[in-house]
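As stored in coords-v6.pdb (PDB, C-alpha atoms, pLDDT in the B column):
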ATOM      1  CA  MET A 812      96.726 118.130 112.681  1.00 50.00           C
ATOM      2  CA  SER A 813      98.390 115.939 110.020  1.00 50.00           C
ATOM      3  CA  ALA A 814     101.852 116.640 111.506  1.00 53.00           C
ATOM      4  CA  ARG A 815     100.626 115.361 114.884  1.00 57.00           C
ATOM      5  CA  VAL A 816      99.133 112.220 113.311  1.00 49.00           C
ATOM      6  CA  LEU A 817     102.372 111.559 111.411  1.00 47.00           C
ATOM      7  CA  GLY A 818     104.426 112.124 114.575  1.00 52.00           C
ATOM      8  CA  PHE A 819     102.195 109.726 116.549  1.00 52.00           C
ATOM      9  CA  PHE A 820     102.509 107.097 113.791  1.00 48.00           C
ATOM     10  CA  ILE A 821     106.323 107.408 113.728  1.00 50.00           C
ATOM     11  CA  PHE A 822     106.443 107.133 117.534  1.00 51.00           C
ATOM     12  CA  LEU A 823     104.336 103.971 117.476  1.00 46.00           C
ATOM     13  CA  LEU A 824     106.390 102.425 114.704  1.00 45.00           C
ATOM     14  CA  SER A 825     109.737 103.133 116.343  1.00 46.00           C
ATOM     15  CA  SER A 826     108.696 101.980 119.815  1.00 47.00           C
ATOM     16  CA  SER A 827     107.109  98.753 118.556  1.00 46.00           C
ATOM     17  CA  ALA A 828     109.852  97.806 116.119  1.00 44.00           C
ATOM     18  CA  GLY A 829     112.287  97.342 118.995  1.00 43.00           C
ATOM     19  CA  GLN A 830     109.843  95.155 120.881  1.00 45.00           C
ATOM     20  CA  ALA A 831     109.189  93.029 117.787  1.00 44.00           C
ATOM     21  CA  ALA A 832     112.914  92.477 117.233  1.00 41.00           C
ATOM     22  CA  ASP A 833     113.167  90.742 120.617  1.00 43.00           C
ATOM     23  CA  LEU A 834     110.489  88.190 119.797  1.00 44.00           C
ATOM     24  CA  ASP A 835     112.558  85.834 117.599  1.00 45.00           C
ATOM     25  CA  GLY A 836     109.737  85.776 115.023  1.00 49.00           C
ATOM     26  CA  ARG A 837     107.023  85.032 117.581  1.00 50.00           C
ATOM     27  CA  ALA A 838     104.274  87.591 118.169  1.00 55.00           C
ATOM     28  CA  ALA A 839     103.622  88.292 121.851  1.00 80.00           C
ATOM     29  CA  VAL A 840     100.291  89.963 121.069  1.00 91.00           C
ATOM     30  CA  ASP A 841      97.591  87.979 119.265  1.00 94.00           C
ATOM     31  CA  TRP A 842      95.356  90.190 117.091  1.00 96.00           C
ATOM     32  CA  SER A 843      92.845  87.377 116.429  1.00 96.00           C
ATOM     33  CA  ALA A 844      89.523  88.594 117.827  1.00 96.00           C
ATOM     34  CA  PRO A 845      86.226  90.264 117.014  1.00 98.00           C
ATOM     35  CA  TYR A 846      86.177  93.997 117.780  1.00 98.00           C
ATOM     36  CA  PHE A 847      83.978  97.078 117.682  1.00 98.00           C
ATOM     37  CA  GLY A 848      84.846 100.725 118.039  1.00 98.00           C
ATOM     38  CA  ILE A 849      84.284 104.389 117.312  1.00 98.00           C
ATOM     39  CA  SER A 850      86.157 106.853 115.146  1.00 98.00           C
ATOM     40  CA  GLY A 851      86.317 110.560 114.429  1.00 98.00           C
ATOM     41  CA  GLY A 852      88.298 112.783 112.127  1.00 98.00           C
ATOM     42  CA  TYR A 853      88.040 114.973 109.061  1.00 97.00           C
ATOM     43  CA  GLY A 854      86.772 114.428 105.517  1.00 96.00           C
ATOM     44  CA  TRP A 855      87.424 116.112 102.169  1.00 95.00           C
ATOM     45  CA  LEU A 856      85.110 115.891  99.153  1.00 92.00           C
ATOM     46  CA  ARG A 857      85.971 116.692  95.528  1.00 89.00           C
ATOM     47  CA  ASP A 858      83.861 116.247  92.422  1.00 83.00           C
ATOM     48  CA  VAL A 859      83.673 117.143  88.745  1.00 68.00           C
ATOM     49  CA  ASP A 860      80.260 117.651  87.132  1.00 70.00           C
ATOM     50  CA  ARG A 861      80.846 116.902  83.434  1.00 64.00           C
ATOM     51  CA  SER A 862      77.454 118.208  82.233  1.00 67.00           C
ATOM     52  CA  PHE A 863      78.819 121.772  82.118  1.00 64.00           C
ATOM     53  CA  ALA A 864      81.417 123.201  79.721  1.00 62.00           C
ATOM     54  CA  PRO A 865      83.908 123.858  81.190  1.00 65.00           C
ATOM     55  CA  PRO A 866      83.349 121.187  83.881  1.00 63.00           C
ATOM     56  CA  LEU A 867      81.927 122.497  87.176  1.00 65.00           C
ATOM     57  CA  ARG A 868      84.223 121.612  90.050  1.00 69.00           C
ATOM     58  CA  SER A 869      83.102 121.584  93.659  1.00 80.00           C
ATOM     59  CA  SER A 870      84.579 120.601  96.988  1.00 88.00           C
ATOM     60  CA  GLY A 871      83.785 120.533 100.677  1.00 90.00           C
ATOM     61  CA  ASP A 872      85.178 119.387 104.006  1.00 93.00           C
ATOM     62  CA  ASP A 873      83.968 118.793 107.539  1.00 94.00           C
ATOM     63  CA  VAL A 874      84.369 116.792 110.744  1.00 96.00           C
ATOM     64  CA  VAL A 875      83.255 113.130 110.479  1.00 97.00           C
ATOM     65  CA  PHE A 876      82.469 110.444 113.070  1.00 98.00           C
ATOM     66  CA  GLY A 877      81.233 106.874 113.115  1.00 98.00           C
ATOM     67  CA  ALA A 878      81.351 103.304 114.388  1.00 98.00           C
ATOM     68  CA  HIS A 879      82.819 100.048 113.111  1.00 98.00           C
ATOM     69  CA  ALA A 880      82.904  96.324 113.859  1.00 98.00           C
ATOM     70  CA  GLY A 881      84.988  93.502 112.473  1.00 98.00           C
ATOM     71  CA  TYR A 882      87.091  90.425 112.968  1.00 98.00           C
ATOM     72  CA  LEU A 883      90.841  89.844 112.510  1.00 98.00           C
ATOM     73  CA  HIS A 884      92.710  86.547 112.372  1.00 98.00           C
ATOM     74  CA  GLN A 885      96.474  86.273 112.765  1.00 97.00           C
ATOM     75  CA  PHE A 886      98.760  83.780 110.970  1.00 95.00           C
ATOM     76  CA  GLY A 887     102.256  84.365 112.371  1.00 95.00           C
ATOM     77  CA  ALA A 888     102.971  88.021 111.635  1.00 96.00           C
ATOM     78  CA  PHE A 889     100.286  88.209 108.888  1.00 97.00           C
ATOM     79  CA  VAL A 890      96.776  89.430 109.800  1.00 98.00           C
ATOM     80  CA  VAL A 891      93.590  89.251 107.671  1.00 98.00           C
ATOM     81  CA  GLY A 892      89.987  90.110 108.384  1.00 98.00           C
ATOM     82  CA  GLY A 893      86.919  92.114 107.517  1.00 98.00           C
ATOM     83  CA  GLU A 894      85.221  95.228 108.820  1.00 98.00           C
ATOM     84  CA  ALA A 895      81.842  96.968 108.470  1.00 98.00           C
ATOM     85  CA  GLU A 896      81.723 100.709 109.143  1.00 98.00           C
ATOM     86  CA  TYR A 897      79.164 103.512 109.371  1.00 98.00           C
ATOM     87  CA  MET A 898      80.389 107.111 109.048  1.00 98.00           C
ATOM     88  CA  ARG A 899      78.315 110.263 109.557  1.00 97.00           C
ATOM     89  CA  LEU A 900      79.847 112.640 107.033  1.00 95.00           C
ATOM     90  CA  GLY A 901      77.706 115.814 106.795  1.00 90.00           C
ATOM     91  CA  ILE A 902      80.055 117.292 104.149  1.00 91.00           C
ATOM     92  CA  ASN A 903      78.511 120.201 102.214  1.00 87.00           C
ATOM     93  CA  PHE A 904      79.359 120.990  98.596  1.00 80.00           C
ATOM     94  CA  GLU A 905      80.645 124.575  98.816  1.00 80.00           C
ATOM     95  CA  GLY A 906      78.144 126.916  97.137  1.00 73.00           C
ATOM     96  CA  PHE A 907      75.446 124.260  96.676  1.00 76.00           C
ATOM     97  CA  PRO A 908      72.613 123.053  98.958  1.00 79.00           C
ATOM     98  CA  ILE A 909      73.851 119.454  98.756  1.00 82.00           C
ATOM     99  CA  ASP A 910      75.225 117.513 101.728  1.00 89.00           C
ATOM    100  CA  VAL A 911      76.874 114.115 101.522  1.00 91.00           C
ATOM    101  CA  GLU A 912      75.337 112.645 104.666  1.00 94.00           C
ATOM    102  CA  ASP A 913      76.242 109.024 105.407  1.00 96.00           C
ATOM    103  CA  ALA A 914      78.644 106.307 104.271  1.00 96.00           C
ATOM    104  CA  VAL A 915      78.329 102.579 104.969  1.00 98.00           C
ATOM    105  CA  SER A 916      81.336 100.451 103.986  1.00 98.00           C
ATOM    106  CA  ALA A 917      82.353  96.790 103.942  1.00 98.00           C
ATOM    107  CA  LYS A 918      86.135  96.296 103.768  1.00 98.00           C
ATOM    108  CA  ALA A 919      88.606  93.420 103.653  1.00 98.00           C
ATOM    109  CA  ARG A 920      91.749  94.101 105.742  1.00 98.00           C
ATOM    110  CA  ALA A 921      95.226  92.580 105.501  1.00 98.00           C
ATOM    111  CA  GLY A 922      98.552  93.504 107.024  1.00 98.00           C
ATOM    112  CA  PHE A 923     101.444  92.727 109.308  1.00 97.00           C
ATOM    113  CA  THR A 924     101.882  92.929 113.059  1.00 96.00           C
ATOM    114  CA  PHE A 925     104.977  94.033 114.913  1.00 95.00           C
ATOM    115  CA  ASP A 926     103.883  92.915 118.394  1.00 93.00           C
ATOM    116  CA  ARG A 927     101.592  95.736 119.613  1.00 96.00           C
ATOM    117  CA  LEU A 928     101.661  97.593 116.260  1.00 97.00           C
ATOM    118  CA  LEU A 929      99.452  96.469 113.371  1.00 98.00           C
ATOM    119  CA  LEU A 930      99.856  97.992 109.882  1.00 98.00           C
ATOM    120  CA  THR A 931      97.047  97.175 107.426  1.00 98.00           C
ATOM    121  CA  GLY A 932      95.658  98.024 104.030  1.00 98.00           C
ATOM    122  CA  HIS A 933      91.987  97.677 103.177  1.00 98.00           C
ATOM    123  CA  ALA A 934      89.629  97.681 100.187  1.00 98.00           C
ATOM    124  CA  GLY A 935      85.930  97.176  99.637  1.00 98.00           C
ATOM    125  CA  ALA A 936      82.599  98.732  98.738  1.00 98.00           C
ATOM    126  CA  THR A 937      80.906 101.829 100.123  1.00 97.00           C
ATOM    127  CA  TYR A 938      77.374 103.259  99.873  1.00 97.00           C
ATOM    128  CA  ILE A 939      76.833 107.037 100.145  1.00 95.00           C
ATOM    129  CA  THR A 940      73.622 109.014 100.714  1.00 94.00           C
ATOM    130  CA  THR A 941      72.847 112.734 100.241  1.00 91.00           C
ATOM    131  CA  ASN A 942      70.240 115.144 101.595  1.00 92.00           C
ATOM    132  CA  ILE A 943      68.595 115.458  98.142  1.00 90.00           C
ATOM    133  CA  GLY A 944      67.928 111.737  97.679  1.00 90.00           C
ATOM    134  CA  LEU A 945      70.933 110.850  95.507  1.00 87.00           C
ATOM    135  CA  LYS A 946      72.670 107.659  96.655  1.00 93.00           C
ATOM    136  CA  ASP A 947      75.091 105.256  95.061  1.00 94.00           C
ATOM    137  CA  TRP A 948      77.711 102.537  95.480  1.00 96.00           C
ATOM    138  CA  GLY A 949      81.416 103.166  95.029  1.00 94.00           C
ATOM    139  CA  TRP A 950      84.712 101.644  96.106  1.00 97.00           C
ATOM    140  CA  VAL A 951      86.907 102.376  99.112  1.00 98.00           C
ATOM    141  CA  ALA A 952      90.596 101.663  99.731  1.00 98.00           C
ATOM    142  CA  GLY A 953      93.102 102.869 102.291  1.00 98.00           C
ATOM    143  CA  ALA A 954      95.547 102.090 105.053  1.00 98.00           C
ATOM    144  CA  GLY A 955      95.771 102.158 108.817  1.00 98.00           C
ATOM    145  CA  ALA A 956      97.936 101.659 111.861  1.00 98.00           C
ATOM    146  CA  ASP A 957      96.634 100.284 115.162  1.00 98.00           C
ATOM    147  CA  TYR A 958      98.420 100.041 118.508  1.00 98.00           C
ATOM    148  CA  ARG A 959      97.320  97.720 121.335  1.00 97.00           C
ATOM    149  CA  LEU A 960      97.169  99.593 124.634  1.00 97.00           C
ATOM    150  CA  SER A 961      95.992  96.504 126.503  1.00 95.00           C
ATOM    151  CA  GLU A 962      94.618  93.046 125.809  1.00 93.00           C
ATOM    152  CA  ASN A 963      91.196  94.499 124.974  1.00 96.00           C
ATOM    153  CA  VAL A 964      91.850  98.084 123.761  1.00 97.00           C
ATOM    154  CA  ALA A 965      93.603  99.371 120.642  1.00 97.00           C
ATOM    155  CA  VAL A 966      93.934 102.900 119.219  1.00 98.00           C
ATOM    156  CA  GLY A 967      94.839 103.844 115.688  1.00 98.00           C
ATOM    157  CA  VAL A 968      94.735 106.099 112.674  1.00 98.00           C
ATOM    158  CA  ASN A 969      92.996 105.253 109.420  1.00 97.00           C
ATOM    159  CA  TRP A 970      92.818 106.793 105.942  1.00 98.00           C
ATOM    160  CA  ASP A 971      89.998 105.974 103.491  1.00 98.00           C
ATOM    161  CA  HIS A 972      89.800 107.011  99.837  1.00 97.00           C
ATOM    162  CA  MET A 973      86.307 106.604  98.327  1.00 96.00           C
ATOM    163  CA  ARG A 974      85.581 106.945  94.608  1.00 94.00           C
ATOM    164  CA  PHE A 975      82.287 107.255  92.685  1.00 90.00           C
ATOM    165  CA  ASN A 976      81.819 107.416  88.906  1.00 86.00           C
ATOM    166  CA  ARG A 977      78.604 108.892  87.449  1.00 83.00           C
ATOM    167  CA  PHE A 978      77.096 109.162  90.939  1.00 83.00           C
ATOM    168  CA  ASP A 979      73.471 107.871  90.933  1.00 84.00           C
ATOM    169  CA  GLY A 980      73.244 108.185  87.142  1.00 85.00           C
ATOM    170  CA  THR A 981      74.395 111.818  87.049  1.00 79.00           C
ATOM    171  CA  LEU A 982      77.526 113.055  85.287  1.00 75.00           C
ATOM    172  CA  ILE A 983      79.236 113.664  88.651  1.00 77.00           C
ATOM    173  CA  ASP A 984      82.474 111.822  89.393  1.00 83.00           C
ATOM    174  CA  GLY A 985      83.333 112.246  93.061  1.00 85.00           C
ATOM    175  CA  GLN A 986      85.914 111.258  95.612  1.00 92.00           C
ATOM    176  CA  ILE A 987      86.032 111.488  99.388  1.00 94.00           C
ATOM    177  CA  ASP A 988      89.110 111.205 101.602  1.00 97.00           C
ATOM    178  CA  LEU A 989      88.738 110.565 105.336  1.00 98.00           C
ATOM    179  CA  LEU A 990      91.486 110.758 107.972  1.00 98.00           C
ATOM    180  CA  LYS A 991      90.295 109.270 111.268  1.00 98.00           C
ATOM    181  CA  ALA A 992      91.494 108.435 114.763  1.00 98.00           C
ATOM    182  CA  ARG A 993      89.858 105.324 116.202  1.00 98.00           C
ATOM    183  CA  ILE A 994      89.560 103.223 119.311  1.00 98.00           C
ATOM    184  CA  ASP A 995      88.704  99.515 119.266  1.00 97.00           C
ATOM    185  CA  PHE A 996      87.421  97.226 122.008  1.00 98.00           C
ATOM    186  CA  ARG A 997      88.202  93.509 121.558  1.00 95.00           C
ATOM    187  CA  PHE A 998      86.364  90.594 123.151  1.00 89.00           C
TER     188      PHE A 998
END
What's the structure tokens form of this structure?
Amino acid sequence: MSARVLGFFIFLLSSSAGQAADLDGRAAVDWSAPYFGISGGYGWLRDVDRSFAPPLRSSGDDVVFGAHAGYLHQFGAFVVGGEAEYMRLGINFEGFPIDVEDAVSAKARAGFTFDRLLLTGHAGATYITTNIGLKDWGWVAGAGADYRLSENVAVGVNWDHMRFNRFDGTLIDGQIDLLKARIDFRF
């Protein structure tokens, strides 16, 4: 799957770079707008429980899906904005009856547009819940690429890296990586 995502990203970048070169520094597509959308992909979980000697390591992975909403504002080729996102994770720690269930994130986004192609980085805070009542705040950072199919619809790929230290007062340090495809509707 990752080879397909990389191939799609390279295709978008190469096709949009030629269009952007013809614009004489002016963007033909304005990314300034509120938007909402849905996403789906795959998530990987890794943790280290430091209360055991040697440390107990666990991992898990599963399909993820969710919804997001935000606003972007464009200044020339530079784009900034914010986004709120809910992701249904359902990732099980292998060998343990613990599921990481939900993630809610608030992220600042910034990047550059090449006409229909938008490349961004993001960072912010995320809140994770589990099926056994543990929940905690952590940080999230990542990158994404969006491509405008029309005035109101964009598709893209997005990678999030979430990190938690001493999750909910335990000795568990965890991280979650999400690779998602998304579709946005602008109004």
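Selection check: the PyMOL selection byres ((chain A and resi 997) around 7) on the shown file gives Ala844, Pro845, Tyr846, Phe847, Asn963, Val964, Asp995, Phe996 and Phe998 of chain A.
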**Message:** I'd like to see the residues matched by the PyMOL selection byres ((chain A and resi 873) around 12) on this file, and ideally I'd get them as an MDAnalysis selection string.
**Reply:** chainID A and resid 851:856 870:872 874:876 899:905 910:912 987:990
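Distance-wise, CA of Arg920 (chain A) and CA of Trp948 (chain A) end up 19.3 Å apart.
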**Prompt:** Which is closest to Val968 (chain A) among A:Leu945, A:Ile849, A:Met898, A:Val840, if we use only C-alpha atoms?
**Reply:** A:Ile849
Edge lengths and centre, in Å to one decimal, as JSON: that's what I need for the box along x, y and z that holds all listed atoms of region 853-858 of chain A plus 4 Å on each side.
{"center_x": 86.0, "center_y": 115.6, "center_z": 100.7, "size_x": 12.2, "size_y": 10.3, "size_z": 24.6}
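Coordinates place CA of Asp913 (chain A) at a distance of 5.4 Å from CA of Thr940 (chain A).
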**Asked** Counting only C-alpha atoms, which residues come within 6 Å of (83.3, 111.4, 92.9), with the point read in the file's coordinates, and could you list them as a ChimeraX atom specification?
**Response** /A:858,974-976,984-986
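Interatomic distance, CA of Gly893 (chain A) to CA of Ala839 (chain A): 22.3 Å.
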**Message:** List the spatial neighbours of region 956-962 of chain A as a PyMOL selection string - criterion: any atom at most 7 Å away, only C-alpha atoms, same-chain residues fewer than 3 positions off excluded.
**Reply:** chain A and resi 927-931+965-969
**Complete:** Nearest to Phe923 (chain A), restricted to only C-alpha atoms and choosing among A:Val891, A:His972, A:Gly877, A:Gly980, comes out as A:Val891
**Request:** Translate the PyMOL selection byres ((chain A and resi 936) around 9), as applied to the file shown, into an explicit residue set as number ranges by chain.
**Result:** A: 915-918, 934-935, 937-938, 948-952, 973
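Contact shell of region 907-909 of chain A at 8 Å (all atoms listed in the file; same-chain neighbours under 4 positions omitted): A:Asn903, A:Thr941, A:Asn942, A:Ile943.
Here the question is which of A:Phe925, A:His884, A:Ala914, A:Ile994 gets nearest to Glu896 (chain A) using all atoms listed in the file, and that residue is A:Ala914.
Compared by their closest atoms to Ala888 (chain A), and using all atoms listed in the file, the residues A:Gly906, A:Gly932, A:Gly944, A:Gly922 rank with A:Gly922 nearest.
In this comparison, which uses all atoms listed in the file, the residue of A:Trp842, A:Arg857, A:His933, A:Gly848 approaching Ala880 (chain A) most closely is A:Gly848.
Of the listed residues A:Asp979, A:Ala921, A:Ser869, A:Tyr882, the one whose atoms come nearest to Gly955 (chain A) is A:Ala921, with distances taken using only C-alpha atoms.
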